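Data file: my_file-v2.pdb. Format and content: PDB, C-alpha atoms and all ligand atoms.
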```
MODEL        1
ATOM      1  CA  MET U   1       5.515 -33.808  35.661
ATOM      2  CA  VAL U   2       4.441 -34.531  32.089
ATOM      3  CA  SER U   3       3.156 -31.351  30.429
ATOM      4  CA  VAL U   4      -0.176 -32.066  28.727
ATOM      5  CA  LYS U   5      -2.397 -29.442  27.075
ATOM      6  CA  ARG U   6      -5.870 -30.197  25.688
ATOM      7  CA  VAL U   7      -6.201 -28.702  22.218
ATOM      8  CA  GLY U   8      -9.561 -30.038  20.991
ATOM      9  CA  ASP U   9     -13.016 -29.487  22.478
ATOM     10  CA  SER U  10     -13.605 -32.953  23.867
ATOM     11  CA  PHE U  11     -10.328 -34.742  23.052
ATOM     12  CA  VAL U  12      -6.747 -34.441  21.668
ATOM     13  CA  ALA U  13      -3.815 -33.101  23.686
ATOM     14  CA  GLU U  14      -0.276 -31.966  23.036
ATOM     15  CA  VAL U  15       2.475 -33.348  25.223
ATOM     16  CA  SER U  16       5.398 -30.929  25.289
ATOM     17  CA  ASP U  17       9.034 -31.017  26.379
ATOM     18  CA  PHE U  18       9.082 -34.763  26.365
ATOM     19  CA  ASP U  19      11.669 -37.164  24.965
ATOM     20  CA  LEU U  20      10.095 -40.464  24.002
ATOM     21  CA  SER U  21      13.450 -42.149  23.456
ATOM     22  CA  GLN U  22      14.226 -42.044  27.192
ATOM     23  CA  ASP U  23      13.567 -44.835  29.676
ATOM     24  CA  LEU U  24      10.254 -43.995  31.295
ATOM     25  CA  THR U  25       9.958 -44.103  35.062
ATOM     26  CA  ALA U  26       6.876 -45.831  36.475
ATOM     27  CA  GLU U  27       5.494 -42.442  37.437
ATOM     28  CA  THR U  28       6.031 -40.862  34.012
ATOM     29  CA  TRP U  29       4.521 -43.877  32.293
ATOM     30  CA  GLN U  30       1.469 -43.644  34.539
ATOM     31  CA  GLN U  31       1.022 -39.946  33.705
ATOM     32  CA  LEU U  32       1.358 -40.562  29.984
ATOM     33  CA  HIS U  33      -1.014 -43.485  30.065
ATOM     34  CA  ASP U  34      -3.578 -41.480  32.038
ATOM     35  CA  ALA U  35      -3.271 -38.660  29.479
ATOM     36  CA  TYR U  36      -3.798 -41.146  26.648
ATOM     37  CA  LEU U  37      -6.980 -42.509  28.240
ATOM     38  CA  GLU U  38      -8.281 -39.030  29.049
ATOM     39  CA  HIS U  39      -7.524 -37.240  25.753
ATOM     40  CA  LYS U  40      -7.694 -40.235  23.369
ATOM     41  CA  VAL U  41      -5.310 -38.628  20.855
ATOM     42  CA  LEU U  42      -1.867 -37.339  21.870
ATOM     43  CA  TYR U  43       0.863 -35.706  19.853
ATOM     44  CA  PHE U  44       4.503 -34.859  20.540
ATOM     45  CA  HIS U  45       6.857 -32.698  18.482
ATOM     46  CA  ASP U  46      10.612 -32.876  17.883
ATOM     47  CA  GLN U  47      11.165 -36.544  18.657
ATOM     48  CA  LYS U  48      14.145 -38.516  17.402
ATOM     49  CA  LEU U  49      13.202 -42.162  17.357
ATOM     50  CA  ALA U  50      15.110 -45.010  15.776
ATOM     51  CA  ALA U  51      12.984 -48.041  14.856
ATOM     52  CA  LYS U  52      13.828 -49.853  18.102
ATOM     53  CA  GLN U  53      12.980 -46.805  20.214
ATOM     54  CA  LEU U  54       9.602 -46.349  18.568
ATOM     55  CA  CYS U  55       8.827 -50.027  19.168
ATOM     56  CA  ARG U  56      10.027 -49.870  22.749
ATOM     57  CA  PHE U  57       7.560 -47.079  23.482
ATOM     58  CA  GLY U  58       4.762 -48.777  21.512
ATOM     59  CA  GLU U  59       5.315 -52.057  23.341
ATOM     60  CA  ARG U  60       4.365 -50.445  26.616
ATOM     61  CA  PHE U  61       0.800 -50.407  25.284
ATOM     62  CA  GLY U  62       0.722 -54.050  24.226
ATOM     63  CA  GLU U  63       2.005 -56.458  21.626
ATOM     64  CA  ILE U  64       2.894 -54.714  18.363
ATOM     65  CA  VAL U  65       1.327 -56.576  15.460
ATOM     66  CA  PRO U  66       3.137 -56.509  12.096
ATOM     67  CA  HIS U  67       1.058 -55.442   9.117
ATOM     68  CA  THR U  68      -0.436 -58.089   6.821
ATOM     69  CA  ILE U  69       1.342 -56.538   3.830
ATOM     70  CA  ARG U  70       4.970 -57.602   4.216
ATOM     71  CA  ARG U  71       6.479 -55.601   1.425
ATOM     72  CA  PHE U  72       6.227 -52.378   3.411
ATOM     73  CA  TRP U  73       7.753 -53.652   6.623
ATOM     74  CA  HIS U  74      10.541 -51.399   7.921
ATOM     75  CA  GLU U  75      13.967 -52.901   7.232
ATOM     76  CA  ASP U  76      15.171 -52.425  10.826
ATOM     77  CA  ASP U  77      12.077 -53.797  12.555
ATOM     78  CA  SER U  78       9.275 -55.730  10.863
ATOM     79  CA  ARG U  79       6.770 -54.523  13.447
ATOM     80  CA  ILE U  80       6.927 -51.088  11.788
ATOM     81  CA  THR U  81       5.086 -50.413   8.537
ATOM     82  CA  VAL U  82       6.279 -47.638   6.247
ATOM     83  CA  LEU U  83       3.630 -45.224   4.965
ATOM     84  CA  SER U  84       5.052 -43.255   2.059
ATOM     85  CA  ASN U  85       4.210 -41.850  -1.343
ATOM     86  CA  ARG U  86       7.883 -41.851  -2.364
ATOM     87  CA  ILE U  87       8.873 -43.902  -5.375
ATOM     88  CA  GLU U  88      12.353 -45.376  -4.944
ATOM     89  CA  TYR U  89      14.112 -47.155  -7.832
ATOM     90  CA  GLY U  90      10.754 -47.270  -9.615
ATOM     91  CA  LYS U  91       8.942 -48.915  -6.704
ATOM     92  CA  PRO U  92       6.687 -47.490  -3.974
ATOM     93  CA  LYS U  93       8.614 -47.179  -0.713
ATOM     94  CA  GLY U  94       5.531 -47.599   1.469
ATOM     95  CA  ILE U  95       1.763 -47.644   1.620
ATOM     96  CA  LYS U  96       0.720 -44.547  -0.309
ATOM     97  CA  ASP U  97      -2.681 -44.123   1.306
ATOM     98  CA  ALA U  98      -3.501 -46.010   4.514
ATOM     99  CA  GLY U  99      -7.174 -45.002   4.558
ATOM    100  CA  SER U 100      -8.677 -41.729   3.320
ATOM    101  CA  PHE U 101     -12.060 -42.605   4.819
ATOM    102  CA  TRP U 102     -13.416 -42.931   8.365
ATOM    103  CA  HIS U 103     -12.243 -46.070  10.119
ATOM    104  CA  SER U 104     -10.842 -47.512  13.311
ATOM    105  CA  ASP U 105      -7.784 -49.665  12.780
ATOM    106  CA  TRP U 106      -8.440 -53.367  12.197
ATOM    107  CA  SER U 107     -12.065 -53.153  13.385
ATOM    108  CA  TYR U 108     -12.741 -56.176  11.138
ATOM    109  CA  LEU U 109     -10.175 -58.405  12.913
ATOM    110  CA  GLU U 110     -11.034 -60.559  15.888
ATOM    111  CA  ARG U 111      -8.869 -58.361  18.079
ATOM    112  CA  PRO U 112      -8.713 -54.851  16.582
ATOM    113  CA  ALA U 113      -5.880 -52.405  17.219
ATOM    114  CA  ASN U 114      -5.705 -50.744  20.585
ATOM    115  CA  VAL U 115      -3.219 -47.890  20.070
ATOM    116  CA  THR U 116      -1.800 -46.757  16.724
ATOM    117  CA  MET U 117       1.288 -44.547  16.513
ATOM    118  CA  LEU U 118       2.575 -42.606  13.537
ATOM    119  CA  TYR U 119       6.080 -41.174  13.632
ATOM    120  CA  ALA U 120       6.855 -38.561  10.977
ATOM    121  CA  VAL U 121      10.018 -38.957   8.928
ATOM    122  CA  GLU U 122       9.128 -36.480   6.179
ATOM    123  CA  ILE U 123       6.171 -34.096   6.013
ATOM    124  CA  PRO U 124       5.125 -31.961   3.024
ATOM    125  CA  THR U 125       4.674 -28.211   3.413
ATOM    126  CA  GLU U 126       0.953 -28.705   2.946
ATOM    127  CA  GLY U 127      -1.549 -31.559   2.765
ATOM    128  CA  GLY U 128      -1.636 -34.973   4.399
ATOM    129  CA  ASP U 129      -3.516 -33.940   7.566
ATOM    130  CA  THR U 130      -5.024 -36.703   9.697
ATOM    131  CA  LEU U 131      -8.653 -36.304  10.787
ATOM    132  CA  PHE U 132     -10.087 -37.635  14.045
ATOM    133  CA  CYS U 133     -13.556 -38.108  15.464
ATOM    134  CA  ASP U 134     -14.358 -38.534  19.165
ATOM    135  CA  LEU U 135     -16.776 -41.467  19.217
ATOM    136  CA  ALA U 136     -17.331 -41.280  22.973
ATOM    137  CA  ALA U 137     -18.527 -37.661  22.618
ATOM    138  CA  ALA U 138     -20.689 -38.788  19.682
ATOM    139  CA  TYR U 139     -22.202 -41.484  21.898
ATOM    140  CA  ASP U 140     -22.834 -39.043  24.754
ATOM    141  CA  ALA U 141     -24.693 -36.728  22.363
ATOM    142  CA  LEU U 142     -27.240 -39.398  21.367
ATOM    143  CA  SER U 143     -30.758 -39.125  22.772
ATOM    144  CA  PRO U 144     -31.595 -41.464  25.687
ATOM    145  CA  ALA U 145     -34.037 -43.318  23.404
ATOM    146  CA  MET U 146     -31.359 -43.863  20.761
ATOM    147  CA  LYS U 147     -28.834 -45.037  23.357
ATOM    148  CA  GLU U 148     -31.346 -47.580  24.551
ATOM    149  CA  ARG U 149     -32.166 -48.727  21.031
ATOM    150  CA  LEU U 150     -28.482 -49.216  20.164
ATOM    151  CA  ALA U 151     -27.494 -50.849  23.450
ATOM    152  CA  SER U 152     -28.186 -54.402  22.342
ATOM    153  CA  LEU U 153     -27.667 -54.066  18.580
ATOM    154  CA  GLU U 154     -24.838 -55.756  16.727
ATOM    155  CA  TYR U 155     -23.651 -55.579  13.142
ATOM    156  CA  VAL U 156     -21.897 -57.913  10.753
ATOM    157  CA  CYS U 157     -18.691 -56.783   9.052
ATOM    158  CA  GLN U 158     -15.952 -58.265   6.935
ATOM    159  CA  TYR U 159     -12.660 -56.834   5.710
ATOM    160  CA  ARG U 160     -13.205 -54.708   2.592
ATOM    161  CA  TYR U 161     -16.806 -55.812   2.233
ATOM    162  CA  HIS U 162     -18.554 -53.882  -0.510
ATOM    163  CA  LYS U 163     -21.979 -54.681  -1.947
ATOM    164  CA  ASP U 164     -20.205 -54.909  -5.281
ATOM    165  CA  ARG U 165     -17.371 -57.410  -4.773
ATOM    166  CA  ASN U 166     -15.803 -56.200  -8.038
ATOM    167  CA  HIS U 167     -15.568 -52.624  -6.751
ATOM    168  CA  PRO U 168     -11.893 -51.520  -6.815
ATOM    169  CA  GLU U 169     -12.008 -50.537  -3.105
ATOM    170  CA  SER U 170     -13.281 -54.001  -2.202
ATOM    171  CA  ARG U 171      -9.917 -55.717  -2.923
ATOM    172  CA  TRP U 172     -11.866 -58.975  -2.676
ATOM    173  CA  GLN U 173     -10.903 -59.994  -6.211
ATOM    174  CA  ILE U 174      -7.186 -59.532  -5.623
ATOM    175  CA  MET U 175      -7.068 -61.379  -2.305
ATOM    176  CA  THR U 176      -5.810 -64.963  -2.244
ATOM    177  CA  ASP U 177      -8.080 -67.774  -1.015
ATOM    178  CA  GLU U 178      -5.944 -67.901   2.118
ATOM    179  CA  GLU U 179      -6.336 -64.172   2.740
ATOM    180  CA  ARG U 180     -10.094 -64.419   2.260
ATOM    181  CA  ALA U 181     -10.261 -67.340   4.674
ATOM    182  CA  GLU U 182      -8.385 -65.225   7.218
ATOM    183  CA  SER U 183     -11.016 -62.489   6.884
ATOM    184  CA  PRO U 184     -14.309 -64.091   7.908
ATOM    185  CA  GLU U 185     -17.457 -62.185   8.785
ATOM    186  CA  ARG U 186     -17.526 -60.897  12.359
ATOM    187  CA  THR U 187     -20.284 -59.650  14.590
ATOM    188  CA  ARG U 188     -19.573 -56.451  16.528
ATOM    189  CA  PRO U 189     -21.552 -54.381  19.051
ATOM    190  CA  ILE U 190     -22.599 -50.950  17.737
ATOM    191  CA  ILE U 191     -21.807 -49.523  21.158
ATOM    192  CA  ARG U 192     -18.430 -50.485  22.561
ATOM    193  CA  THR U 193     -17.489 -50.175  26.218
ATOM    194  CA  HIS U 194     -13.895 -49.104  26.729
ATOM    195  CA  PRO U 195     -12.170 -51.906  28.655
ATOM    196  CA  GLU U 196     -10.020 -49.485  30.681
ATOM    197  CA  THR U 197     -12.238 -46.455  31.298
ATOM    198  CA  GLY U 198     -15.677 -48.085  31.130
ATOM    199  CA  HIS U 199     -16.882 -45.245  28.842
ATOM    200  CA  ARG U 200     -19.153 -46.091  25.944
ATOM    201  CA  SER U 201     -18.533 -45.161  22.311
ATOM    202  CA  ILE U 202     -20.148 -45.681  18.958
ATOM    203  CA  TYR U 203     -18.144 -48.387  17.166
ATOM    204  CA  VAL U 204     -19.342 -48.539  13.561
ATOM    205  CA  PHE U 205     -17.550 -47.048  10.531
ATOM    206  CA  ASP U 206     -18.534 -46.369   6.975
ATOM    207  CA  GLY U 207     -15.054 -46.603   5.421
ATOM    208  CA  VAL U 208     -14.640 -49.629   3.185
ATOM    209  CA  THR U 209     -11.993 -51.315   5.384
ATOM    210  CA  GLY U 210     -14.559 -51.533   8.189
ATOM    211  CA  GLY U 211     -16.730 -53.464   5.717
ATOM    212  CA  VAL U 212     -20.063 -53.073   7.526
ATOM    213  CA  LYS U 213     -22.738 -55.290   5.956
ATOM    214  CA  ASN U 214     -25.879 -54.998   8.072
ATOM    215  CA  ILE U 215     -27.309 -54.699  11.551
ATOM    216  CA  VAL U 216     -28.359 -58.062  12.949
ATOM    217  CA  GLY U 217     -32.121 -58.615  13.193
ATOM    218  CA  LEU U 218     -33.224 -55.590  11.136
ATOM    219  CA  SER U 219     -34.633 -55.599   7.602
ATOM    220  CA  GLU U 220     -32.183 -54.440   4.960
ATOM    221  CA  ALA U 221     -33.987 -51.092   4.635
ATOM    222  CA  ASP U 222     -34.094 -50.473   8.410
ATOM    223  CA  SER U 223     -30.469 -51.485   8.759
ATOM    224  CA  ASP U 224     -29.365 -49.178   5.912
ATOM    225  CA  ASP U 225     -31.383 -46.287   7.381
ATOM    226  CA  LEU U 226     -30.014 -46.680  10.891
ATOM    227  CA  LEU U 227     -26.424 -47.010   9.656
ATOM    228  CA  ALA U 228     -26.829 -43.885   7.512
ATOM    229  CA  GLU U 229     -28.213 -42.008  10.522
ATOM    230  CA  LEU U 230     -25.280 -43.105  12.692
ATOM    231  CA  TYR U 231     -22.689 -42.172  10.066
ATOM    232  CA  GLU U 232     -24.269 -38.761   9.653
ATOM    233  CA  HIS U 233     -24.347 -38.271  13.418
ATOM    234  CA  THR U 234     -20.707 -39.252  14.030
ATOM    235  CA  LYS U 235     -19.379 -37.143  11.169
ATOM    236  CA  GLN U 236     -20.615 -33.843  12.603
ATOM    237  CA  PRO U 237     -17.868 -31.227  12.901
ATOM    238  CA  GLN U 238     -18.221 -30.789  16.680
ATOM    239  CA  PHE U 239     -16.784 -34.281  17.211
ATOM    240  CA  GLN U 240     -13.844 -33.749  14.890
ATOM    241  CA  TYR U 241     -10.251 -32.620  15.100
ATOM    242  CA  ARG U 242      -7.850 -32.043  12.213
ATOM    243  CA  TYR U 243      -4.218 -32.808  12.961
ATOM    244  CA  GLU U 244      -1.899 -30.741  10.794
ATOM    245  CA  TRP U 245       1.499 -32.355  10.812
ATOM    246  CA  ARG U 246       4.203 -29.883  11.822
ATOM    247  CA  GLY U 247       7.210 -31.766  10.521
ATOM    248  CA  ALA U 248       9.636 -34.643  10.879
ATOM    249  CA  GLY U 249       9.819 -35.787  14.501
ATOM    250  CA  ASP U 250       6.075 -35.502  15.166
ATOM    251  CA  LEU U 251       4.627 -38.502  16.942
ATOM    252  CA  LEU U 252       0.849 -38.882  16.834
ATOM    253  CA  MET U 253      -0.952 -41.640  18.719
ATOM    254  CA  TRP U 254      -4.592 -42.503  19.221
ATOM    255  CA  ASP U 255      -6.914 -44.898  21.003
ATOM    256  CA  ASN U 256      -8.834 -46.891  18.371
ATOM    257  CA  ARG U 257     -11.367 -48.066  20.952
ATOM    258  CA  CYS U 258     -13.097 -44.694  21.245
ATOM    259  CA  THR U 259     -12.060 -42.694  18.162
ATOM    260  CA  MET U 260     -12.074 -43.055  14.405
ATOM    261  CA  HIS U 261      -9.780 -41.353  11.918
ATOM    262  CA  ALA U 262      -9.303 -40.658   8.241
ATOM    263  CA  ALA U 263      -6.174 -39.962   6.239
ATOM    264  CA  THR U 264      -6.308 -37.267   3.553
ATOM    265  CA  THR U 265      -3.559 -38.750   1.414
ATOM    266  CA  ALA U 266      -5.724 -40.042  -1.442
ATOM    267  CA  ASP U 267      -5.215 -36.774  -3.298
ATOM    268  CA  LEU U 268      -1.739 -35.824  -2.068
ATOM    269  CA  PRO U 269       0.260 -34.685  -5.131
ATOM    270  CA  PRO U 270       3.306 -36.898  -5.871
ATOM    271  CA  THR U 271       5.554 -33.840  -5.430
ATOM    272  CA  HIS U 272       4.481 -33.628  -1.760
ATOM    273  CA  ILE U 273       6.505 -36.373  -0.118
ATOM    274  CA  ARG U 274       5.080 -37.700   3.127
ATOM    275  CA  GLU U 275       6.700 -40.536   5.028
ATOM    276  CA  LEU U 276       5.735 -42.004   8.384
ATOM    277  CA  HIS U 277       6.570 -45.044  10.492
ATOM    278  CA  ARG U 278       3.518 -46.818  11.818
ATOM    279  CA  ILE U 279       2.788 -49.306  14.590
ATOM    280  CA  SER U 280      -0.382 -50.728  16.115
ATOM    281  CA  THR U 281      -0.845 -52.871  19.207
ATOM    282  CA  LEU U 282      -3.162 -55.809  19.742
ATOM    283  CA  GLY U 283      -6.391 -54.904  21.487
ATOM    284  CA  SER U 284      -9.228 -56.857  23.070
ATOM    285  CA  ILE U 285     -12.373 -58.266  21.473
ATOM    286  CA  PRO U 286     -14.877 -55.355  21.306
ATOM    287  CA  ALA U 287     -17.709 -55.741  23.806
TER
HETATM  288  O1  LIG N 301      -1.803 -41.409   7.015
HETATM  289  C1  LIG N 301      -2.617 -41.031   7.863
HETATM  290  O2  LIG N 301      -2.829 -39.826   8.081
HETATM  291  C2  LIG N 301      -3.416 -42.025   8.661
HETATM  292  C3  LIG N 301      -3.231 -43.418   8.152
HETATM  293  C4  LIG N 301      -4.027 -44.444   8.887
HETATM  294  O3  LIG N 301      -5.224 -44.512   8.813
HETATM  295  C5  LIG N 301      -3.312 -45.391   9.743
HETATM  296  O4  LIG N 301      -2.086 -45.382   9.742
HETATM  297  O5  LIG N 301      -3.986 -46.164  10.446
HETATM  298 FE    FE N 302      -5.974 -46.116  10.153
ENDMDL
END
```
Please go through the file and, once you have read it, give me the structure as structure tokens.
Ligand SMILES: O=C(O)CCC(=O)C(=O)O
Ligand SMILES: [Fe+2]
Amino acid sequence: MVSVKRVGDSFVAEVSDFDLSQDLTAETWQQLHDAYLEHKVLYFHDQKLAAKQLCRFGERFGEIVPHTIRRFWHEDDSRITVLSNRIEYGKPKGIKDAGSFWHSDWSYLERPANVTMLYAVEIPTEGGDTLFCDLAAAYDALSPAMKERLASLEYVCQYRYHKDRNHPESRWQIMTDEERAESPERTRPIIRTHPETGHRSIYVFDGVTGGVKNIVGLSEADSDDLLAELYEHTKQPQFQYRYEWRGAGDLLMWDNRCTMHAATTADLPPTHIRELHRISTLGSIPA
């Protein structure tokens, strides 16, 4: 029996006494997968996972997609991306900050990430927490009238869209023509139905990677107002959970289809070394 304990109000659970490097039986896999769908965010302590073992577990959830930025691929397996603020031989060892703003991974791609896993290699004594928001609970808390209004609305987004294309967070100026061509505008539903559970969630994010431009069919002012209202609604503390990393060997995983998250690494002091191995799997087109 897999031991699972809910730690947040509406989501997040700890799985204890579990070794993720082992071969999973069909029954154990089923229990873990059920826990993942039910709690949306799971964490495990004291794991010991070589690159291949992390990928073998991740693969159970779908195809692991290597990160666009090749220079931070893990040397043992290119499907792993290194997140790190360590400087080695004068060069950054990994991505220093993978997103200190609310987002859901790859929401701007045709097929966004399904699960993301972070495996801790080195954790500072303080700082570097990861924040989560339960977007299914946020949806449930909407008024019936608002649910109805949002049901058929869609928005347009594009990777790193910012009203000011010269804004440093936009990255638009430093992208190659090829990279820009690979990041076209996409239309997304504001309310996403989870393909496995059938539960609905809000699926719109104000972090710059999400690159939300406007809601289709509304005036610019109405679109801006409604987006602001949704961002304010989803960011209420009752939908949130703060994951404080315990140490090396932690494995944290989340379902991007019904949650959003934010790193807090933008201001992590360079003396506080934090290093994680990251994978994401290919999800379905949001609907
Ligand atoms: O570093 C973190 O806490 C989270 C980073 C993140 O957003 C990601 O890996 O998708
Ligand atoms: Fe992320």
Tell me which protein, DNA and RNA residues are within 9 Å of Lys163 in chain U, counting all atoms listed in the file, leaving out same-chain ones fewer than 4 positions away, and put them as a PyMOL selection string. chain U and resi 167+170+213
Neighbours of ligand FE 302 (chain N) at 7 Å or closer, counting only C-alpha atoms and all ligand atoms: which residues, as number ranges by chain? U: 98-99, 103-105, 261-262
Got a sec: who's within 7 Å of Ala266 in chain U, counting all atoms listed in the file, leaving out chain neighbours fewer than 2 positions off, as a list of chain:residue names?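 Listing them by chain and then by number gives U:Asp97, U:Ser100, U:Thr264, U:Leu268.
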Translate the PyMOL selection byres (((not hetatm)) within 10 of (chain N and resi 301)) into a concrete residue list for this structure, as an MDAnalysis selection string. chainID U and resid 81:84 95:106 113 115:120 127:132 243:245 252:254 256 260:266 274:280
Write a file of the just-selected residues containing C-alpha atoms, as a JSON list (two decimals), in the frame of the given file.
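Full text of part-v2.json as output:
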```json
[["chain", "number", "residue", "atom", "x", "y", "z"],
["U", 81, "THR", "CA", 5.09, -50.41, 8.54],
["U", 82, "VAL", "CA", 6.28, -47.64, 6.25],
["U", 83, "LEU", "CA", 3.63, -45.22, 4.96],
["U", 84, "SER", "CA", 5.05, -43.26, 2.06],
["U", 95, "ILE", "CA", 1.76, -47.64, 1.62],
["U", 96, "LYS", "CA", 0.72, -44.55, -0.31],
["U", 97, "ASP", "CA", -2.68, -44.12, 1.31],
["U", 98, "ALA", "CA", -3.50, -46.01, 4.51],
["U", 99, "GLY", "CA", -7.17, -45.00, 4.56],
["U", 100, "SER", "CA", -8.68, -41.73, 3.32],
["U", 101, "PHE", "CA", -12.06, -42.60, 4.82],
["U", 102, "TRP", "CA", -13.42, -42.93, 8.36],
["U", 103, "HIS", "CA", -12.24, -46.07, 10.12],
["U", 104, "SER", "CA", -10.84, -47.51, 13.31],
["U", 105, "ASP", "CA", -7.78, -49.66, 12.78],
["U", 106, "TRP", "CA", -8.44, -53.37, 12.20],
["U", 113, "ALA", "CA", -5.88, -52.40, 17.22],
["U", 115, "VAL", "CA", -3.22, -47.89, 20.07],
["U", 116, "THR", "CA", -1.80, -46.76, 16.72],
["U", 117, "MET", "CA", 1.29, -44.55, 16.51],
["U", 118, "LEU", "CA", 2.58, -42.61, 13.54],
["U", 119, "TYR", "CA", 6.08, -41.17, 13.63],
["U", 120, "ALA", "CA", 6.86, -38.56, 10.98],
["U", 127, "GLY", "CA", -1.55, -31.56, 2.76],
["U", 128, "GLY", "CA", -1.64, -34.97, 4.40],
["U", 129, "ASP", "CA", -3.52, -33.94, 7.57],
["U", 130, "THR", "CA", -5.02, -36.70, 9.70],
["U", 131, "LEU", "CA", -8.65, -36.30, 10.79],
["U", 132, "PHE", "CA", -10.09, -37.64, 14.04],
["U", 243, "TYR", "CA", -4.22, -32.81, 12.96],
["U", 244, "GLU", "CA", -1.90, -30.74, 10.79],
["U", 245, "TRP", "CA", 1.50, -32.35, 10.81],
["U", 252, "LEU", "CA", 0.85, -38.88, 16.83],
["U", 253, "MET", "CA", -0.95, -41.64, 18.72],
["U", 254, "TRP", "CA", -4.59, -42.50, 19.22],
["U", 256, "ASN", "CA", -8.83, -46.89, 18.37],
["U", 260, "MET", "CA", -12.07, -43.06, 14.40],
["U", 261, "HIS", "CA", -9.78, -41.35, 11.92],
["U", 262, "ALA", "CA", -9.30, -40.66, 8.24],
["U", 263, "ALA", "CA", -6.17, -39.96, 6.24],
["U", 264, "THR", "CA", -6.31, -37.27, 3.55],
["U", 265, "THR", "CA", -3.56, -38.75, 1.41],
["U", 266, "ALA", "CA", -5.72, -40.04, -1.44],
["U", 274, "ARG", "CA", 5.08, -37.70, 3.13],
["U", 275, "GLU", "CA", 6.70, -40.54, 5.03],
["U", 276, "LEU", "CA", 5.74, -42.00, 8.38],
["U", 277, "HIS", "CA", 6.57, -45.04, 10.49],
["U", 278, "ARG", "CA", 3.52, -46.82, 11.82],
["U", 279, "ILE", "CA", 2.79, -49.31, 14.59],
["U", 280, "SER", "CA", -0.38, -50.73, 16.11]]
```
Skipping near chain neighbours, those fewer than 3 positions away, what residues fall within 9 Å of Cys55 in chain U using only C-alpha atoms, listed as a PDB file with C-alpha atoms, in the coordinates of the input?
```
ATOM      1  CA  ALA U  50      15.110 -45.010  15.776  1.00  0.00           C
ATOM      2  CA  ALA U  51      12.984 -48.041  14.856  1.00  0.00           C
ATOM      3  CA  LYS U  52      13.828 -49.853  18.102  1.00  0.00           C
ATOM      4  CA  GLY U  58       4.762 -48.777  21.512  1.00  0.00           C
ATOM      5  CA  GLU U  59       5.315 -52.057  23.341  1.00  0.00           C
ATOM      6  CA  ARG U  60       4.365 -50.445  26.616  1.00  0.00           C
ATOM      7  CA  ILE U  64       2.894 -54.714  18.363  1.00  0.00           C
ATOM      8  CA  ASP U  77      12.077 -53.797  12.555  1.00  0.00           C
ATOM      9  CA  ARG U  79       6.770 -54.523  13.447  1.00  0.00           C
ATOM     10  CA  ILE U  80       6.927 -51.088  11.788  1.00  0.00           C
ATOM     11  CA  ILE U 279       2.788 -49.306  14.590  1.00  0.00           C
TER      12      ILE U 279
END
```
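A straight line drawn from CA of His162 in chain U to CA of Ile69 in chain U is 20.5 Å long.
Separating CA of Val15 in chain U from CA of Arg56 in chain U is a distance of 18.3 Å.
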To test your reading of the syntax: which residues would the PyMOL selection byres (((chain U and resi 150) around 12) and not hetatm) return for the file shown? Reply as a ChimeraX atom specification. /U:139,142-149,151-155,189-192,200-204,215-216,223,226-227,230
The PyMOL selection byres (((chain U and resi 5) around 10) and not hetatm) applied to the shown file, residues as a ChimeraX atom specification: /U:2-4,6-8,12-16,35,39,42
Which one of U:Val208, U:His199, U:Asp250, U:Ser107 sits closest to Gln47 in chain U if you count all atoms listed in the file? U:Asp250
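We find CA of Ala287 in chain U and CA of Met175 in chain U to be spaced 28.8 Å apart.
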Determine the nearest neighbour of Leu282 in chain U from the options U:Asp140, U:Glu126, U:Glu110, U:Glu196, counting only C-alpha atoms.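 Residue with the minimum atom-to-atom distance to Leu282 in chain U: U:Glu110.
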Ser284 in chain U proximity check over U:Ala181, U:Leu54, U:Cys133, U:Leu109, using only C-alpha atoms: winner is U:Leu109
Between U:Phe57, U:Tyr36, U:Phe205, U:Phe44, single out the one closest to Leu135 in chain U, counting all atoms listed in the file.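 Result for the nearest residue to Leu135 in chain U: U:Phe205.
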Which residue out of U:Pro92, U:Asn114, U:Thr28, U:Met1 has the minimum interatomic distance to Gly62 in chain U when all atoms listed in the file are used?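 Smallest distance to Gly62 in chain U is found for U:Asn114.
All residues of protein, DNA or RNA that reach within 10 Å of Asp46 in chain U, judged by all atoms listed in the file and not counting those fewer than 4 positions away in the chain, are Ser16, Asp17, Phe18, Asp19, Leu20, Ala120, Arg246, Gly247, Ala248, Gly249, Asp250 and Leu251 of chain U.
Residues with at least one atom no more than 7 Å from (-13.5, -30.6, 21.1), using only C-alpha atoms, are U:Gly8, U:Asp9, U:Ser10, U:Phe11, U:Gln238, U:Phe239, U:Gln240.
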Provide range 120-125 of chain U rebuilt to N, CA and C atoms, formatted as an mmCIF file, in the coordinates of the input.
```
data_model
loop_
_atom_site.group_PDB
_atom_site.id
_atom_site.type_symbol
_atom_site.label_atom_id
_atom_site.label_comp_id
_atom_site.auth_asym_id
_atom_site.auth_seq_id
_atom_site.Cartn_x
_atom_site.Cartn_y
_atom_site.Cartn_z
ATOM 1 N N ALA U 120 6.598 -39.245 12.253
ATOM 2 C CA ALA U 120 6.855 -38.561 10.977
ATOM 3 C C ALA U 120 8.341 -38.529 10.629
ATOM 4 N N VAL U 121 8.646 -38.994 9.440
ATOM 5 C CA VAL U 121 10.018 -38.957 8.928
ATOM 6 C C VAL U 121 10.162 -37.796 7.940
ATOM 7 N N GLU U 122 9.130 -37.599 7.126
ATOM 8 C CA GLU U 122 9.128 -36.480 6.179
ATOM 9 C C GLU U 122 7.687 -36.002 5.983
ATOM 10 N N ILE U 123 7.513 -34.675 6.067
ATOM 11 C CA ILE U 123 6.171 -34.096 6.013
ATOM 12 C C ILE U 123 6.156 -32.993 4.951
ATOM 13 N N PRO U 124 5.171 -33.008 4.058
ATOM 14 C CA PRO U 124 5.125 -31.961 3.024
ATOM 15 C C PRO U 124 4.735 -30.606 3.618
ATOM 16 N N THR U 125 5.001 -29.538 2.894
ATOM 17 C CA THR U 125 4.674 -28.211 3.413
ATOM 18 C C THR U 125 3.158 -28.034 3.559
#
```
